[in-house]
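S.K.: One structure follows; several queries about it will come next.
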Number of protein chains: 4
Amino acid sequence: MSSTPQPRRGNTRQRIQDVALELFAEQGYEKTSLREISEKLDVTKAALYYHFKTKEDILASIFEDLNRPVEDLIVWGREQPRTLETKKEILARYSDALTKAAPLFRFMQENQATVRDLSIGATIKGRILGLVDLIRDPEAPIIDQVRCFSALFTMHAGMFALKDVDGDPEDKRKAVLEVAVDLVTQAHAPGSDQ
Amino acid sequence: MSSTPQPRRGNTRQRIQDVALELFAEQGYEKTSLREISEKLDVTKAALYYHFKTKEDILASIFEDLNRPVEDLIVWGREQPRTLETKKEILARYSDALTKAAPLFRFMQENQATVRDLSIGATIKGRILGLVDLIRDPEAPIIDQVRCFSALFTMHAGMFALKDVDGDPEDKRKAVLEVAVDLVTQAHAPGSDQ
Amino acid sequence: MSSTPQPRRGNTRQRIQDVALELFAEQGYEKTSLREISEKLDVTKAALYYHFKTKEDILASIFEDLNRPVEDLIVWGREQPRTLETKKEILARYSDALTKAAPLFRFMQENQATVRDLSIGATIKGRILGLVDLIRDPEAPIIDQVRCFSALFTMHAGMFALKDVDGDPEDKRKAVLEVAVDLVTQAHAPGSDQ
Amino acid sequence: MSSTPQPRRGNTRQRIQDVALELFAEQGYEKTSLREISEKLDVTKAALYYHFKTKEDILASIFEDLNRPVEDLIVWGREQPRTLETKKEILARYSDALTKAAPLFRFMQENQATVRDLSIGATIKGRILGLVDLIRDPEAPIIDQVRCFSALFTMHAGMFALKDVDGDPEDKRKAVLEVAVDLVTQAHAPGSDQ
DNA sequence: CATGAATGAGATTTCATTCAT
DNA sequence: AATGAATGAAATCTCATTCAT
């Protein structure tokens, strides 16, 4: 006896987030239906709505949880002197954050159009600009500003685009970080483009 | 009479592609419905099906048309000697191609998850790898390979992410190209990371 | 052969309105689902959406069609001299209109709370006030204004509440009209309440 | 300590009824969800189920409580001689009852379709017929019976429809009552319509 | 006296697609 | 070259209700 009624554990909310992120990252936000999520969790769709107000809310909650380190990083960065050393440290920490929440960032990378007009869209844009502003100098020549953007793109895209290149993941991560650091270093040097 | 230049005559197919691309780029592929497209064109949904077999087919046809220059570029590139000069030329031509079909590439950039499992997904991946392989050396140290990827990411993302930075678009384009060229140049130099 | 595919006649829109009104009047607006309507018509739910944008739109279209006579009556009434004779004629014509579109008016009578915050709510309120203003004199003593309201309520409610009283429907209709006429006559007489 | 008059103590049942009636009257029965009620009370939905068996039961309990005076009135009326004086008194008392439980009666007025097939539907119909039977004479000409119905409709609808007419509420109430009394007086007079 | 967690049923709506005309 | 009418499948979401604790 007591076969079917599984012991409703208190971690359902977390499990929803986990499964949702997994599917969102795999298939995209719109192609992932709540039915799919609930079936994978073996609960009803309505159960999702007990824990989250909307589908969008599920994503928002995931983002808020997993993006915290980046937020903290920005806050930290703003308090530091704007030296090259600081910038390198920021890149290093960011690389770390990206790696730790890889599925979220992969998702954001691959679903920009979708995410753009979700409620988190504005937030995300803000975070990215916040980051860029820690490493670029708005007075610098355009090319140096591009280098700073490029450093971030490289880290973002590098995480996922290098899957097909073989080599140890940690090595690849370091290589990506190094390229980013190079770019920022060049951008930081005065008269960098002569 | 009939001085109003009734612009429908055989060009419906083209108009569908134009409107579709505009909406796909603006809102994303899934959030753009055939109803929306047909309403903007002032035809019925069924008319779309006279010209295209499926929604996906509309996108595929757009891609095929607008991506041709890139395809040609790859073919051309393969016939050239693998010198730094060639690589620079490829980047320059690619920059040009990206600019000329900006909405398409913006769309691809922002809808990766969607595009990935559409029929064009594999094609796209192939094109990108084809491009990368024109400029990177698979025997080179990982960091140089990353630089090559980075050069391409920079051009892709640079097109759209720099909208908020002020400055003349053509200047920005040149700056982006220069950064990409720098990256490839560094990657090309033997012993680039010592 | 040719058994199932019924010859899609061009009157589906009308049939939807008919069935919808019938069910709305019988069960109320909210308790009538689109599933129910479509099943009774032997079409799919989606077919309803080909003809109407929303559930509310179905009701609105019914209202617009069937309420036209009342609208015309108000227009007509406004052009007449504000004599007792005119008022009597208005009541007579209104009684007629109510009878001819009985299900609609029964529905409105019994679903006031629902209808109130549908898009037609404001319209309906306007029509009723338009009617009242044809027969009451805003300068008259309150009691006479009440008599005018009462005349209208009587006709509205009388239509449906008298079902249980036996007698010929046409006789009942005449009796209701007569009571309404009496009320308005009393209200019209100067010094009616001494 | 404990000076703040913690108002929850055994009165939850009452508070549920109050809030429920308020929302039912404002928005209608179906458009008011138990979630809404419980949120407004700052308790959980499950708490409602501790006090009431079903949503319908909440309404039924409200009705039973607030309709008692009407019930008593009917009982009292049945013991009185069927004189005009008695009828007038009944109308006066009914007017009073309607005013005292205005939200309930407004609710019933505006949600007839809903209430009709709830369990209280039959009860309500019974009460109304009970009232009508105190003032009409089933042997009288139809027109006089209509006058009696009309007197009641007038009181019911008058309560809410006159909101837009300006004037002191108590004055309006008296005017409505007077019209009703007039109607019943006319109905009572033998040979009233010659 | 009440909550936290969940369910089953069902609602409205949207979409890509089809096909006779 | 295109339309009018419809469909089947699915999506998101809401609701009244239950029950162990």
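For the structure tokens, the naming scheme is as follows: chains receive sequential letters (A, B, ...) according to their order of presentation, residues are indexed from 1 within each chain, and ligands are indexed from 1 in presentation order.
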Using only C-alpha atoms (C1' of nucleotides), which residues sit within 12 Å of A:Val43 once same-chain residues fewer than 5 positions away are excluded, as a list in words?
M.R.: Pro5, Gln6, Arg8, Arg9, Thr12, Arg13, Arg15, Ile16, Leu34, Arg35, Glu36, Ile37, Ser38, Leu48, Tyr49, Tyr50 and His51 of chain A; DA5, DA6, DT7 and DG8 of chain E
S.K.: Could you list, as a PDB file with N, CA, C and O atoms, in the first residue's frame, every residue of chain D that has an atom within 8 Å of an atom of chain E, counting only C-alpha atoms (C1' of nucleotides)?
M.R.:
```pdb
ATOM      1  N   THR D  44      -6.063  31.950   3.889  1.00  0.00           N
ATOM      2  CA  THR D  44      -5.917  31.095   2.717  1.00  0.00           C
ATOM      3  C   THR D  44      -7.285  30.616   2.241  1.00  0.00           C
ATOM      4  O   THR D  44      -8.262  30.640   2.997  1.00  0.00           O
ATOM      5  N   ALA D  46      -8.125  27.692   1.796  1.00  0.00           N
ATOM      6  CA  ALA D  46      -8.534  26.534   2.589  1.00  0.00           C
ATOM      7  C   ALA D  46      -9.311  26.951   3.835  1.00  0.00           C
ATOM      8  O   ALA D  46     -10.192  26.233   4.304  1.00  0.00           O
ATOM      9  N   ALA D  47      -8.985  28.135   4.325  1.00  0.00           N
ATOM     10  CA  ALA D  47      -9.688  28.611   5.521  1.00  0.00           C
ATOM     11  C   ALA D  47     -11.175  28.794   5.247  1.00  0.00           C
ATOM     12  O   ALA D  47     -12.024  28.532   6.108  1.00  0.00           O
ATOM     13  N   TYR D  50     -13.005  25.788   5.834  1.00  0.00           N
ATOM     14  CA  TYR D  50     -13.254  25.382   7.220  1.00  0.00           C
ATOM     15  C   TYR D  50     -14.627  25.893   7.648  1.00  0.00           C
ATOM     16  O   TYR D  50     -15.366  25.219   8.363  1.00  0.00           O
TER      17      TYR D  50
END
```
S.K.: Which residue out of D:Leu131, D:Leu73, D:Ala101, D:Val19 has the minimum interatomic distance to D:Ile58 when only C-alpha atoms are used?
M.R.: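 With only C-alpha atoms as the atom set, the closest residue is D:Val19.
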S.K.: Using only C-alpha atoms, which residues of chain C come within 10 Å of chain D, and what is the closest atom pair for each, with the distance in Å to one decimal? Give it as CSV, sorted by chain and residue number.
M.R.:
```
residue,atom,partner,partner_atom,distance
C:Phe24,CA,D:Ala113,CA,9.3
C:Ala25,CA,D:Ala113,CA,8.1
C:Glu26,CA,D:Ala113,CA,7.9
C:Gln27,CA,D:Ala113,CA,6.5
C:Gly28,CA,D:Ala113,CA,5.4
C:Tyr29,CA,D:Ala113,CA,8.6
C:Glu30,CA,D:Glu30,CA,7.2
C:Lys31,CA,D:Thr114,CA,8.2
C:Arg106,CA,D:Ala113,CA,9.5
C:Phe107,CA,D:Ala113,CA,8.0
C:Met108,CA,D:Glu110,CA,9.5
C:Gln109,CA,D:Glu110,CA,7.7
C:Glu110,CA,D:Gln112,CA,4.7
C:Asn111,CA,D:Asn111,CA,5.6
C:Gln112,CA,D:Glu110,CA,4.7
C:Ala113,CA,D:Glu110,CA,5.0
C:Thr114,CA,D:Gly28,CA,6.6
C:Val115,CA,D:Glu110,CA,9.4
C:Arg116,CA,D:Gln27,CA,8.9
C:Asp117,CA,D:Gln27,CA,8.4
C:Leu129,CA,D:Asp164,CA,9.7
C:Pro138,CA,D:Val165,CA,9.0
C:Pro141,CA,D:Ala175,CA,9.3
C:Ile142,CA,D:Ala175,CA,6.7
C:Ile143,CA,D:Ala175,CA,4.9
C:Asp144,CA,D:Ala175,CA,8.5
C:Gln145,CA,D:Val165,CA,9.0
C:Val146,CA,D:Val176,CA,6.2
C:Arg147,CA,D:Val179,CA,6.5
C:Phe149,CA,D:Gly158,CA,7.7
C:Ser150,CA,D:Thr154,CA,5.3
C:Ala151,CA,D:Ser150,CA,8.3
C:Leu152,CA,D:Thr154,CA,9.4
C:Phe153,CA,D:Thr154,CA,6.6
C:Thr154,CA,D:Ser150,CA,5.3
C:Met155,CA,D:Ser150,CA,8.7
C:His156,CA,D:Phe153,CA,9.5
C:Ala157,CA,D:Phe153,CA,7.1
C:Gly158,CA,D:Ser150,CA,7.5
C:Ala161,CA,D:Phe149,CA,8.2
C:Leu162,CA,D:Val146,CA,8.1
C:Asp164,CA,D:Leu129,CA,9.7
C:Val165,CA,D:Gln145,CA,8.9
C:Asp166,CA,D:Ile142,CA,9.2
C:Gly167,CA,D:Ile142,CA,8.1
C:Asp171,CA,D:Ile142,CA,8.2
C:Lys172,CA,D:Ile142,CA,7.1
C:Arg173,CA,D:Ile143,CA,9.8
C:Lys174,CA,D:Ile143,CA,8.6
C:Ala175,CA,D:Ile143,CA,4.9
C:Val176,CA,D:Val146,CA,6.2
C:Leu177,CA,D:Ile143,CA,9.4
C:Glu178,CA,D:Ile143,CA,7.6
C:Val179,CA,D:Arg147,CA,6.5
C:Ala180,CA,D:Ser150,CA,9.0
C:Asp182,CA,D:Leu183,CA,9.8
C:Leu183,CA,D:Leu183,CA,8.7
C:Asp193,CA,D:Glu178,CA,9.8
```
S.K.: With a cut-off of 12 Å and counting only C-alpha atoms (C1' of nucleotides), select all residues of chain F in contact with chain B and give the selection as a list in words.
M.R.: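 That gives DA1, DA2, DT3, DG4 and DA5 of chain F for chain F.
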S.K.: I need the residues of stretch 52-143 of chain C that end up classed as helix (DSSP H, G or I) by DSSP on the backbone, written out as a VMD selection string.
M.R.: chain C and resid 55 to 79 84 to 100 102 to 110 112 to 116 120 to 135 142 to 143
S.K.: Tell me, in Å to one decimal, how far atom CA of B:Ala102 is from atom CA of B:Thr185.
M.R.: 25.4 Å
S.K.: Here is a test: counting only C-alpha atoms, which residue of A:Leu59, A:Leu21, A:Leu134, A:Val184 is nearest to A:Trp76?
M.R.: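 Comparing A:Leu59, A:Leu21, A:Leu134, A:Val184 against A:Trp76, the winner is A:Leu134.
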